[in-house]
file my_file.pdb (PDB, C-alpha atoms and all ligand atoms)
ATOM      1  CA  MET A   1       0.000   0.000   0.000  1.00  0.00           C
ATOM      2  CA  PRO A   2       1.552   3.356  -0.964  1.00  0.00           C
ATOM      3  CA  GLY A   3       2.031   5.832   1.850  1.00  0.00           C
ATOM      4  CA  SER A   4       1.772   3.247   4.559  1.00  0.00           C
ATOM      5  CA  LEU A   5       4.374   2.141   7.012  1.00  0.00           C
ATOM      6  CA  LYS A   6       4.539  -1.231   8.771  1.00  0.00           C
ATOM      7  CA  THR A   7       6.779  -1.012  11.785  1.00  0.00           C
ATOM      8  CA  GLU A   8       7.516  -2.105  15.295  1.00  0.00           C
ATOM      9  CA  ALA A   9       7.101   0.768  17.716  1.00  0.00           C
ATOM     10  CA  ILE A  10       7.182   1.668  21.387  1.00  0.00           C
ATOM     11  CA  VAL A  11       4.569   4.111  22.623  1.00  0.00           C
ATOM     12  CA  LEU A  12       6.445   7.007  24.254  1.00  0.00           C
ATOM     13  CA  ARG A  13       3.464   9.205  24.927  1.00  0.00           C
ATOM     14  CA  SER A  14      -0.260   9.111  24.458  1.00  0.00           C
ATOM     15  CA  ILE A  15      -2.280  12.312  24.464  1.00  0.00           C
ATOM     16  CA  ARG A  16      -6.068  12.668  24.475  1.00  0.00           C
ATOM     17  CA  TYR A  17      -7.246  14.518  21.432  1.00  0.00           C
ATOM     18  CA  GLY A  18     -10.700  15.773  20.500  1.00  0.00           C
ATOM     19  CA  GLU A  19     -13.739  13.732  21.467  1.00  0.00           C
ATOM     20  CA  ALA A  20     -12.436  10.226  21.200  1.00  0.00           C
ATOM     21  CA  ASP A  21      -9.040  10.239  19.523  1.00  0.00           C
ATOM     22  CA  ARG A  22      -5.485   9.888  20.723  1.00  0.00           C
ATOM     23  CA  ILE A  23      -2.269  11.351  19.433  1.00  0.00           C
ATOM     24  CA  VAL A  24       0.650   9.062  20.117  1.00  0.00           C
ATOM     25  CA  HIS A  25       4.388   9.580  19.950  1.00  0.00           C
ATOM     26  CA  LEU A  26       5.992   6.357  18.776  1.00  0.00           C
ATOM     27  CA  TYR A  27       9.623   5.340  18.692  1.00  0.00           C
ATOM     28  CA  THR A  28      10.469   3.058  15.776  1.00  0.00           C
ATOM     29  CA  PRO A  29      13.686   1.257  14.817  1.00  0.00           C
ATOM     30  CA  TRP A  30      14.014   2.676  11.287  1.00  0.00           C
ATOM     31  CA  HIS A  31      11.913   5.836  11.246  1.00  0.00           C
ATOM     32  CA  GLY A  32      12.928   7.371  14.563  1.00  0.00           C
ATOM     33  CA  ARG A  33      10.235   9.215  16.434  1.00  0.00           C
ATOM     34  CA  VAL A  34       6.917   9.556  14.656  1.00  0.00           C
ATOM     35  CA  GLY A  35       3.629  11.143  15.651  1.00  0.00           C
ATOM     36  CA  ALA A  36       0.341   9.483  14.777  1.00  0.00           C
ATOM     37  CA  ILE A  37      -3.334   9.955  15.384  1.00  0.00           C
ATOM     38  CA  ALA A  38      -5.513   7.024  16.401  1.00  0.00           C
ATOM     39  CA  ARG A  39      -9.097   7.846  15.571  1.00  0.00           C
ATOM     40  CA  GLY A  40     -11.696   6.605  18.011  1.00  0.00           C
ATOM     41  CA  ALA A  41      -9.014   5.146  20.279  1.00  0.00           C
ATOM     42  CA  ARG A  42     -10.789   6.313  23.426  1.00  0.00           C
ATOM     43  CA  ARG A  43     -14.135   4.741  22.569  1.00  0.00           C
ATOM     44  CA  ALA A  44     -15.085   1.824  24.809  1.00  0.00           C
ATOM     45  CA  ARG A  45     -15.097  -0.612  21.905  1.00  0.00           C
ATOM     46  CA  SER A  46     -12.059   0.778  20.125  1.00  0.00           C
ATOM     47  CA  ARG A  47     -10.194  -1.802  18.071  1.00  0.00           C
ATOM     48  CA  PHE A  48      -6.980  -0.499  19.611  1.00  0.00           C
ATOM     49  CA  GLY A  49      -7.937  -1.467  23.179  1.00  0.00           C
ATOM     50  CA  ALA A  50      -5.168  -0.380  25.578  1.00  0.00           C
ATOM     51  CA  ARG A  51      -2.447  -0.942  22.990  1.00  0.00           C
ATOM     52  CA  LEU A  52      -1.688   2.752  22.502  1.00  0.00           C
ATOM     53  CA  GLU A  53      -0.941   3.402  26.168  1.00  0.00           C
ATOM     54  CA  PRO A  54       2.657   4.373  27.033  1.00  0.00           C
ATOM     55  CA  PHE A  55       5.298   1.615  27.079  1.00  0.00           C
ATOM     56  CA  PHE A  56       3.374  -0.769  24.790  1.00  0.00           C
ATOM     57  CA  HIS A  57       5.661  -2.444  22.270  1.00  0.00           C
ATOM     58  CA  ILE A  58       3.499  -2.911  19.196  1.00  0.00           C
ATOM     59  CA  ARG A  59       3.553  -3.900  15.574  1.00  0.00           C
ATOM     60  CA  ALA A  60       1.752  -1.051  13.844  1.00  0.00           C
ATOM     61  CA  VAL A  61       0.501  -0.095  10.429  1.00  0.00           C
ATOM     62  CA  LEU A  62       0.620   3.666   9.953  1.00  0.00           C
ATOM     63  CA  HIS A  63      -0.859   5.555   7.058  1.00  0.00           C
ATOM     64  CA  GLU A  64       0.814   8.712   5.849  1.00  0.00           C
ATOM     65  CA  GLY A  65      -1.447  11.734   6.293  1.00  0.00           C
ATOM     66  CA  ARG A  66      -1.331  15.185   4.773  1.00  0.00           C
ATOM     67  CA  GLY A  67       0.411  16.852   7.709  1.00  0.00           C
ATOM     68  CA  ASP A  68       3.126  15.623  10.034  1.00  0.00           C
ATOM     69  CA  LEU A  69       0.932  13.010  11.653  1.00  0.00           C
ATOM     70  CA  TYR A  70       0.470   9.468  10.491  1.00  0.00           C
ATOM     71  CA  THR A  71      -2.832   7.703  11.102  1.00  0.00           C
ATOM     72  CA  VAL A  72      -2.708   4.466  13.066  1.00  0.00           C
ATOM     73  CA  THR A  73      -4.473   1.823  10.976  1.00  0.00           C
ATOM     74  CA  SER A  74      -3.732  -1.167  13.180  1.00  0.00           C
ATOM     75  CA  ALA A  75      -1.747  -2.061  16.276  1.00  0.00           C
ATOM     76  CA  ASP A  76      -0.875  -5.531  17.567  1.00  0.00           C
ATOM     77  CA  THR A  77       0.796  -6.169  20.887  1.00  0.00           C
ATOM     78  CA  ILE A  78       4.338  -7.549  20.944  1.00  0.00           C
ATOM     79  CA  SER A  79       4.697  -6.797  24.658  1.00  0.00           C
ATOM     80  CA  ALA A  80       2.420  -4.881  27.001  1.00  0.00           C
ATOM     81  CA  HIS A  81       5.213  -4.610  29.602  1.00  0.00           C
ATOM     82  CA  GLY A  82       2.480  -5.320  32.151  1.00  0.00           C
ATOM     83  CA  PRO A  83       4.688  -6.054  35.183  1.00  0.00           C
ATOM     84  CA  LEU A  84       6.361  -2.636  35.116  1.00  0.00           C
ATOM     85  CA  ARG A  85       2.911  -1.079  35.619  1.00  0.00           C
ATOM     86  CA  GLU A  86       2.581  -2.708  39.040  1.00  0.00           C
ATOM     87  CA  HIS A  87       4.974  -0.391  40.906  1.00  0.00           C
ATOM     88  CA  ALA A  88       5.155   3.389  41.043  1.00  0.00           C
ATOM     89  CA  THR A  89       8.977   3.242  40.897  1.00  0.00           C
ATOM     90  CA  THR A  90       9.130   1.176  37.697  1.00  0.00           C
ATOM     91  CA  LEU A  91       6.375   3.243  36.066  1.00  0.00           C
ATOM     92  CA  ASP A  92       8.307   6.376  36.881  1.00  0.00           C
ATOM     93  CA  ALA A  93      11.607   4.952  35.596  1.00  0.00           C
ATOM     94  CA  ALA A  94       9.897   3.824  32.379  1.00  0.00           C
ATOM     95  CA  ALA A  95       8.391   7.297  31.907  1.00  0.00           C
ATOM     96  CA  ARG A  96      11.806   8.918  32.382  1.00  0.00           C
ATOM     97  CA  ALA A  97      13.401   6.482  29.923  1.00  0.00           C
ATOM     98  CA  CYS A  98      10.756   7.245  27.273  1.00  0.00           C
ATOM     99  CA  ASP A  99      11.090  10.951  27.950  1.00  0.00           C
ATOM    100  CA  ALA A 100      14.877  10.882  27.511  1.00  0.00           C
ATOM    101  CA  VAL A 101      14.549   9.000  24.206  1.00  0.00           C
ATOM    102  CA  SER A 102      11.840  11.392  23.084  1.00  0.00           C
ATOM    103  CA  ARG A 103      13.955  14.473  23.804  1.00  0.00           C
ATOM    104  CA  LEU A 104      17.289  13.204  22.483  1.00  0.00           C
ATOM    105  CA  PHE A 105      15.869  11.495  19.385  1.00  0.00           C
ATOM    106  CA  GLU A 106      12.989  13.623  18.187  1.00  0.00           C
ATOM    107  CA  THR A 107      13.597  13.322  14.456  1.00  0.00           C
ATOM    108  CA  SER A 108      12.905  10.568  11.927  1.00  0.00           C
ATOM    109  CA  ASP A 109      16.608   9.618  11.749  1.00  0.00           C
ATOM    110  CA  PRO A 110      16.912   5.846  12.148  1.00  0.00           C
ATOM    111  CA  HIS A 111      18.544   4.658  15.374  1.00  0.00           C
ATOM    112  CA  PRO A 112      17.726   0.957  15.694  1.00  0.00           C
ATOM    113  CA  GLU A 113      20.176   0.683  18.610  1.00  0.00           C
ATOM    114  CA  VAL A 114      18.131   3.253  20.545  1.00  0.00           C
ATOM    115  CA  PHE A 115      14.971   1.274  19.889  1.00  0.00           C
ATOM    116  CA  ARG A 116      16.684  -1.892  21.191  1.00  0.00           C
ATOM    117  CA  LEU A 117      18.009  -0.074  24.266  1.00  0.00           C
ATOM    118  CA  LEU A 118      14.575   1.243  25.154  1.00  0.00           C
ATOM    119  CA  ALA A 119      12.870  -2.115  24.566  1.00  0.00           C
ATOM    120  CA  ASN A 120      15.551  -3.755  26.713  1.00  0.00           C
ATOM    121  CA  GLU A 121      15.129  -1.165  29.483  1.00  0.00           C
ATOM    122  CA  LEU A 122      11.347  -1.654  29.609  1.00  0.00           C
ATOM    123  CA  THR A 123      11.795  -5.426  29.761  1.00  0.00           C
ATOM    124  CA  LEU A 124      14.339  -5.073  32.580  1.00  0.00           C
ATOM    125  CA  LEU A 125      12.040  -2.788  34.580  1.00  0.00           C
ATOM    126  CA  GLY A 126       9.247  -5.335  34.209  1.00  0.00           C
ATOM    127  CA  SER A 127      11.453  -8.249  35.228  1.00  0.00           C
ATOM    128  CA  ASP A 128      12.655  -6.785  38.528  1.00  0.00           C
ATOM    129  CA  ALA A 129      11.690  -3.515  40.219  1.00  0.00           C
ATOM    130  CA  ALA A 130      15.282  -3.253  41.513  1.00  0.00           C
ATOM    131  CA  HIS A 131      16.274  -2.049  38.038  1.00  0.00           C
ATOM    132  CA  ALA A 132      14.335   1.173  38.689  1.00  0.00           C
ATOM    133  CA  ARG A 133      17.277   2.552  40.688  1.00  0.00           C
ATOM    134  CA  PRO A 134      18.942   5.780  39.516  1.00  0.00           C
ATOM    135  CA  SER A 135      22.209   4.094  38.479  1.00  0.00           C
ATOM    136  CA  ASN A 136      20.286   2.169  35.834  1.00  0.00           C
ATOM    137  CA  GLY A 137      18.533   5.301  34.570  1.00  0.00           C
ATOM    138  CA  LEU A 138      21.854   7.167  34.327  1.00  0.00           C
ATOM    139  CA  ALA A 139      23.513   4.298  32.456  1.00  0.00           C
ATOM    140  CA  LEU A 140      20.655   4.322  29.963  1.00  0.00           C
ATOM    141  CA  ARG A 141      21.127   8.056  29.421  1.00  0.00           C
ATOM    142  CA  LEU A 142      24.843   7.622  28.923  1.00  0.00           C
ATOM    143  CA  LYS A 143      24.203   4.947  26.292  1.00  0.00           C
ATOM    144  CA  LEU A 144      21.741   7.313  24.628  1.00  0.00           C
ATOM    145  CA  LEU A 145      24.450   9.992  24.505  1.00  0.00           C
ATOM    146  CA  LEU A 146      26.702   7.408  22.849  1.00  0.00           C
ATOM    147  CA  ALA A 147      24.005   6.660  20.242  1.00  0.00           C
ATOM    148  CA  ALA A 148      23.540  10.392  19.676  1.00  0.00           C
ATOM    149  CA  GLY A 149      27.270  10.744  19.008  1.00  0.00           C
ATOM    150  CA  ILE A 150      27.917  12.970  22.006  1.00  0.00           C
ATOM    151  CA  LEU A 151      29.355  10.565  24.573  1.00  0.00           C
ATOM    152  CA  PRO A 152      31.690  12.571  26.804  1.00  0.00           C
ATOM    153  CA  GLN A 153      35.369  11.776  26.532  1.00  0.00           C
ATOM    154  CA  LEU A 154      36.369   9.729  29.587  1.00  0.00           C
ATOM    155  CA  ALA A 155      39.751   8.170  28.808  1.00  0.00           C
ATOM    156  CA  THR A 156      41.919  11.300  28.786  1.00  0.00           C
ATOM    157  CA  CYS A 157      41.574  15.001  29.521  1.00  0.00           C
ATOM    158  CA  ALA A 158      39.206  16.418  26.883  1.00  0.00           C
ATOM    159  CA  ALA A 159      41.204  19.655  26.803  1.00  0.00           C
ATOM    160  CA  CYS A 160      44.860  18.570  26.758  1.00  0.00           C
ATOM    161  CA  GLY A 161      45.018  14.761  26.509  1.00  0.00           C
ATOM    162  CA  GLU A 162      46.565  14.208  29.965  1.00  0.00           C
ATOM    163  CA  GLN A 163      45.869  10.675  31.209  1.00  0.00           C
ATOM    164  CA  GLU A 164      46.068  11.227  34.949  1.00  0.00           C
ATOM    165  CA  HIS A 165      44.706  13.575  37.609  1.00  0.00           C
ATOM    166  CA  LEU A 166      41.335  13.688  35.857  1.00  0.00           C
ATOM    167  CA  GLY A 167      39.483  15.486  38.623  1.00  0.00           C
ATOM    168  CA  GLY A 168      36.926  17.564  36.752  1.00  0.00           C
ATOM    169  CA  PHE A 169      34.210  17.442  34.133  1.00  0.00           C
ATOM    170  CA  SER A 170      33.475  20.082  31.518  1.00  0.00           C
ATOM    171  CA  ALA A 171      30.648  19.656  29.032  1.00  0.00           C
ATOM    172  CA  ALA A 172      32.076  22.529  26.996  1.00  0.00           C
ATOM    173  CA  ALA A 173      35.450  20.773  26.732  1.00  0.00           C
ATOM    174  CA  GLY A 174      33.641  17.509  25.891  1.00  0.00           C
ATOM    175  CA  GLY A 175      34.341  15.299  28.889  1.00  0.00           C
ATOM    176  CA  VAL A 176      36.635  14.782  31.857  1.00  0.00           C
ATOM    177  CA  VAL A 177      39.436  17.266  32.349  1.00  0.00           C
ATOM    178  CA  CYS A 178      42.663  17.203  34.310  1.00  0.00           C
ATOM    179  CA  ASN A 179      43.485  19.345  37.311  1.00  0.00           C
ATOM    180  CA  SER A 180      45.305  21.968  35.227  1.00  0.00           C
ATOM    181  CA  CYS A 181      42.441  22.345  32.717  1.00  0.00           C
ATOM    182  CA  GLU A 182      39.540  22.499  35.119  1.00  0.00           C
ATOM    183  CA  ALA A 183      38.793  26.230  34.901  1.00  0.00           C
ATOM    184  CA  ALA A 184      35.236  25.826  33.571  1.00  0.00           C
ATOM    185  CA  ALA A 185      34.770  22.381  35.109  1.00  0.00           C
ATOM    186  CA  PHE A 186      33.018  21.033  38.181  1.00  0.00           C
ATOM    187  CA  PRO A 187      34.804  18.517  40.409  1.00  0.00           C
ATOM    188  CA  LEU A 188      34.215  14.900  39.459  1.00  0.00           C
ATOM    189  CA  GLY A 189      35.203  12.433  42.179  1.00  0.00           C
ATOM    190  CA  GLU A 190      36.985   9.156  41.524  1.00  0.00           C
ATOM    191  CA  GLU A 191      33.857   7.113  42.304  1.00  0.00           C
ATOM    192  CA  SER A 192      31.739   9.174  39.895  1.00  0.00           C
ATOM    193  CA  TYR A 193      34.394   8.776  37.225  1.00  0.00           C
ATOM    194  CA  GLN A 194      34.529   5.006  37.730  1.00  0.00           C
ATOM    195  CA  PHE A 195      30.736   4.844  37.596  1.00  0.00           C
ATOM    196  CA  LEU A 196      30.629   6.678  34.236  1.00  0.00           C
ATOM    197  CA  VAL A 197      33.275   4.401  32.761  1.00  0.00           C
ATOM    198  CA  ALA A 198      31.504   1.271  34.026  1.00  0.00           C
ATOM    199  CA  ALA A 199      28.070   2.473  32.894  1.00  0.00           C
ATOM    200  CA  VAL A 200      29.259   2.937  29.302  1.00  0.00           C
ATOM    201  CA  GLY A 201      30.863  -0.493  29.147  1.00  0.00           C
ATOM    202  CA  THR A 202      28.349  -2.622  31.059  1.00  0.00           C
ATOM    203  CA  PRO A 203      25.006  -4.000  29.814  1.00  0.00           C
ATOM    204  CA  LEU A 204      22.007  -2.279  31.430  1.00  0.00           C
ATOM    205  CA  ALA A 205      21.175  -5.410  33.413  1.00  0.00           C
ATOM    206  CA  GLN A 206      24.559  -5.299  35.197  1.00  0.00           C
ATOM    207  CA  VAL A 207      25.133  -1.631  35.847  1.00  0.00           C
ATOM    208  CA  PRO A 208      26.934  -1.214  39.204  1.00  0.00           C
ATOM    209  CA  ASP A 209      25.430   0.918  41.945  1.00  0.00           C
ATOM    210  CA  ALA A 210      27.237   3.912  43.463  1.00  0.00           C
ATOM    211  CA  SER A 211      26.844   6.371  46.313  1.00  0.00           C
ATOM    212  CA  GLU A 212      24.298   9.152  45.964  1.00  0.00           C
ATOM    213  CA  LEU A 213      27.068  11.755  45.736  1.00  0.00           C
ATOM    214  CA  ALA A 214      28.722   9.870  42.874  1.00  0.00           C
ATOM    215  CA  LEU A 215      25.401   9.434  41.079  1.00  0.00           C
ATOM    216  CA  ARG A 216      24.652  13.146  41.410  1.00  0.00           C
ATOM    217  CA  GLN A 217      27.977  14.079  39.884  1.00  0.00           C
ATOM    218  CA  ALA A 218      27.465  11.532  37.105  1.00  0.00           C
ATOM    219  CA  GLU A 219      24.011  12.951  36.457  1.00  0.00           C
ATOM    220  CA  ARG A 220      25.413  16.461  36.271  1.00  0.00           C
ATOM    221  CA  ALA A 221      27.996  15.323  33.704  1.00  0.00           C
ATOM    222  CA  ILE A 222      25.285  13.625  31.612  1.00  0.00           C
ATOM    223  CA  SER A 223      22.761  16.475  31.862  1.00  0.00           C
ATOM    224  CA  GLU A 224      25.279  19.186  31.044  1.00  0.00           C
ATOM    225  CA  THR A 225      26.531  17.166  28.057  1.00  0.00           C
ATOM    226  CA  ALA A 226      22.982  16.772  26.704  1.00  0.00           C
ATOM    227  CA  GLU A 227      22.343  20.468  27.221  1.00  0.00           C
ATOM    228  CA  HIS A 228      25.607  21.709  25.752  1.00  0.00           C
ATOM    229  CA  HIS A 229      25.821  19.392  22.743  1.00  0.00           C
ATOM    230  CA  ALA A 230      22.189  18.526  21.920  1.00  0.00           C
ATOM    231  CA  HIS A 231      20.371  21.503  23.501  1.00  0.00           C
ATOM    232  CA  VAL A 232      18.218  19.022  25.359  1.00  0.00           C
ATOM    233  CA  ARG A 233      17.167  19.342  28.978  1.00  0.00           C
ATOM    234  CA  LEU A 234      16.704  15.953  30.608  1.00  0.00           C
ATOM    235  CA  ARG A 235      14.332  15.552  33.537  1.00  0.00           C
ATOM    236  CA  PRO A 236      16.095  15.328  36.937  1.00  0.00           C
ATOM    237  CA  LEU A 237      16.661  11.753  37.973  1.00  0.00           C
ATOM    238  CA  VAL A 238      18.785  11.101  41.076  1.00  0.00           C
ATOM    239  CA  ARG A 239      17.175  13.673  43.315  1.00  0.00           C
ATOM    240  CA  ALA A 240      13.727  12.793  42.067  1.00  0.00           C
ATOM    241  CA  MET A 241      13.895   9.079  42.794  1.00  0.00           C
TER     242      MET A 241
HETATM  243 ZN    ZN B   1      44.107  18.819  30.725  1.00  0.00          ZN
END
call {"tool": "encode", "arguments": {"input": "my_file.pdb", "output": "structure tokens"}}
result
Amino acid sequence: MPGSLKTEAIVLRSIRYGEADRIVHLYTPWHGRVGAIARGARRARSRFGARLEPFFHIRAVLHEGRGDLYTVTSADTISAHGPLREHATTLDAAARACDAVSRLFETSDPHPEVFRLLANELTLLGSDAAHARPSNGLALRLKLLLAAGILPQLATCAACGEQEHLGGFSAAAGGVVCNSCEAAAFPLGEESYQFLVAAVGTPLAQVPDASELALRQAERAISETAEHHAHVRLRPLVRAM
């Protein structure tokens, strides 16, 4: 069918629209973030059922409309991610994960690795509520920065290349900085540094925990990087959880 798109998608956001419709933001592997309208989705006997609620992983058929919005023609469930809906903490972590993806990847550029990361994160949150801890959320964000091409430099000073005495972080410089380059930097403790390095290199399911102070510094490094290099403000995470 011309003008139609068959795709897997994760529902990032679902907004009531008009009398009985919904507008959904979907994240897809090959078409990035797309917006779509689901007509009649809020009617009691809607053929969509609950499948256009946030976090649903669906197989969808979308029809290209005249404006920016697609029209949802059909939606089948791949995973409802039901278990993550049972706890406030996992619901909240899932919402923050979807929000971060939505803000950092708002175009139709294909990022299949981002789709896989998000699907994996939602599955993890459903499998064990312990994954809702801030260290997991920060590691996800760091991996999203990597996918966006703006992962901060961690191996050597981003300003001069020095390999030791890396005691600061500067988003403007592009990563960690050494003690002689830290003019515009904030102090980054050894534990925070080790957490960032581990979070980049470890699968989401095995991200190590860290002290609250270390997580706050790591969050600051991640948030300032997103702001400086992608002009994206991420929702607070460590303090909020
Ligand atoms: Zn330096």
call {"tool": "atom_distance", "arguments": {"input": "my_file.pdb", "atom1": "CA of Ala38 (chain A)", "atom2": "CA of Leu140 (chain A)"}}
result
29.6 Å
call {"tool": "residues_near_ligand", "arguments": {"input": "my_file.pdb", "ligand": "ligand ZN 1 (chain B)", "cutoff": "7 Å", "atoms": "only C-alpha atoms and all ligand atoms", "output": "PyMOL selection string"}}
result
chain A and resi 157-162+177-181
call {"tool": "axis_aligned_box", "arguments": {"input": "my_file.pdb", "around": "region 79-91 of chain A", "padding_each_side": "5 Å", "output": "AutoDock Vina command-line options"}}
result
--center_x 5.8 --center_y -1.7 --center_z 32.9 --size_x 16.7 --size_y 20.2 --size_z 26.4
call {"tool": "residues_around", "arguments": {"input": "my_file.pdb", "residues": "Val176 (chain A)", "least_positions_apart": "5", "cutoff": "9 Å", "atoms": "all atoms listed in the file", "output": "PyMOL selection string"}}
result
chain A and resi 152-159+166-171+182+185+188+193+221
call {"tool": "closest_residue", "arguments": {"input": "my_file.pdb", "among": "A:Gly126, A:Gly82, A:Gly35, A:Pro203", "to": "Ala139 (chain A)", "atoms": "only C-alpha atoms"}}
result
A:Pro203
call {"tool": "residues_around", "arguments": {"input": "my_file.pdb", "residues": "Arg216 (chain A)", "least_positions_apart": "6", "cutoff": "9 Å", "atoms": "all atoms listed in the file", "output": "count of residues only"}}
result
4
call {"tool": "closest_residue", "arguments": {"input": "my_file.pdb", "among": "A:Gly49, A:Gly40, A:Pro54, A:Pro29", "to": "Val11 (chain A)", "atoms": "all atoms listed in the file"}}
result
A:Pro54
call {"tool": "residues_around", "arguments": {"input": "my_file.pdb", "residues": "Gln206 (chain A)", "least_positions_apart": "3", "cutoff": "12 Å", "atoms": "all atoms listed in the file", "output": "list in words"}}
result
Glu121, Leu124, Ala130, His131, Ser135, Asn136, Ala139, Leu140, Ala198, Ala199, Val200, Gly201, Thr202, Pro203 and Asp209 of chain A
call {"tool": "residues_around", "arguments": {"input": "my_file.pdb", "residues": "Glu219 (chain A)", "least_positions_apart": "4", "cutoff": "9 Å", "atoms": "only C-alpha atoms", "output": "PyMOL selection string"}}
result
chain A and resi 138+214-215+223-224+236-238
call {"tool": "closest_residue", "arguments": {"input": "my_file.pdb", "among": "A:Gln217, A:Ser4, A:Ser79, A:Gln163", "to": "Gly65 (chain A)", "atoms": "only C-alpha atoms"}}
result
A:Ser4
call {"tool": "resolve_selection", "arguments": {"input": "my_file.pdb", "expression": "the PyMOL selection byres (((chain A and resi 102-110) around 9) and not hetatm)", "output": "PyMOL selection string"}}
result
chain A and resi 12-13+25-34+97-101+111-114+144-145+148+226+230-234
call {"tool": "atom_distance", "arguments": {"input": "my_file.pdb", "atom1": "CA of Arg42 (chain A)", "atom2": "CA of Asp76 (chain A)"}}
result
16.5 Å
call {"tool": "atom_distance", "arguments": {"input": "my_file.pdb", "atom1": "CA of Leu204 (chain A)", "atom2": "CA of Leu151 (chain A)"}}
result
16.3 Å
call {"tool": "resolve_selection", "arguments": {"input": "my_file.pdb", "expression": "the PyMOL selection byres (((chain A and resi 58) around 9) and not hetatm)", "output": "compact mmCIF listing (two decimals) with C-alpha atoms, in the coordinates of the input"}}
result
# COMPACT_ATOMS: atom_id res chain seq x y z
CA THR A 7 6.78 -1.01 11.78
CA GLU A 8 7.52 -2.10 15.30
CA ALA A 9 7.10 0.77 17.72
CA ILE A 10 7.18 1.67 21.39
CA VAL A 11 4.57 4.11 22.62
CA ARG A 51 -2.45 -0.94 22.99
CA LEU A 52 -1.69 2.75 22.50
CA PHE A 56 3.37 -0.77 24.79
CA HIS A 57 5.66 -2.44 22.27
CA ARG A 59 3.55 -3.90 15.57
CA ALA A 60 1.75 -1.05 13.84
CA ALA A 75 -1.75 -2.06 16.28
CA ASP A 76 -0.88 -5.53 17.57
CA THR A 77 0.80 -6.17 20.89
CA ILE A 78 4.34 -7.55 20.94
CA SER A 79 4.70 -6.80 24.66
CA ALA A 80 2.42 -4.88 27.00
call {"tool": "closest_residue", "arguments": {"input": "my_file.pdb", "among": "A:Ala119, A:Glu86, A:Ala218, A:Arg47", "to": "Phe186 (chain A)", "atoms": "all atoms listed in the file"}}
result
A:Ala218
call {"tool": "residues_around", "arguments": {"input": "my_file.pdb", "residues": "Ala132 (chain A)", "least_positions_apart": "4", "cutoff": "7 Å", "atoms": "all atoms listed in the file", "output": "list in words"}}
result
Thr89, Thr90, Ala93, Leu125 and Asn136 of chain A
call {"tool": "closest_residue", "arguments": {"input": "my_file.pdb", "among": "A:Pro187, A:Pro83, A:Gly175, A:Gly3", "to": "Asp128 (chain A)", "atoms": "only C-alpha atoms"}}
result
A:Pro83
call {"tool": "closest_atom_pairs", "arguments": {"input": "my_file.pdb", "of": "region 50-150 of chain A", "to": "region 20-24 of chain A", "cutoff": "10 Å", "atoms": "only C-alpha atoms", "output": "tab-separated table"}}
result
residue	atom	partner	partner_atom	distance
A:Leu52	CA	A:Val24	CA	7.1
A:Glu53	CA	A:Val24	CA	8.4
A:Pro54	CA	A:Val24	CA	8.6
A:Leu69	CA	A:Ile23	CA	8.6
A:Tyr70	CA	A:Ile23	CA	9.5
A:Thr71	CA	A:Ile23	CA	9.1
A:Val72	CA	A:Val24	CA	9.1
call {"tool": "write_last_selection", "arguments": {"input": "my_file.pdb", "atoms": "C-alpha atoms", "output": "PDB file, in the coordinates of the input"}}
result
ATOM      1  CA  LEU A  52      -1.688   2.752  22.502  1.00  0.00           C
ATOM      2  CA  GLU A  53      -0.941   3.402  26.168  1.00  0.00           C
ATOM      3  CA  PRO A  54       2.657   4.373  27.033  1.00  0.00           C
ATOM      4  CA  LEU A  69       0.932  13.010  11.653  1.00  0.00           C
ATOM      5  CA  TYR A  70       0.470   9.468  10.491  1.00  0.00           C
ATOM      6  CA  THR A  71      -2.832   7.703  11.102  1.00  0.00           C
ATOM      7  CA  VAL A  72      -2.708   4.466  13.066  1.00  0.00           C
TER       8      VAL A  72
END
call {"tool": "closest_residue", "arguments": {"input": "my_file.pdb", "among": "A:Leu142, A:Ala94, A:Ala50, A:Ile37", "to": "Asn120 (chain A)", "atoms": "all atoms listed in the file"}}
result
A:Ala94
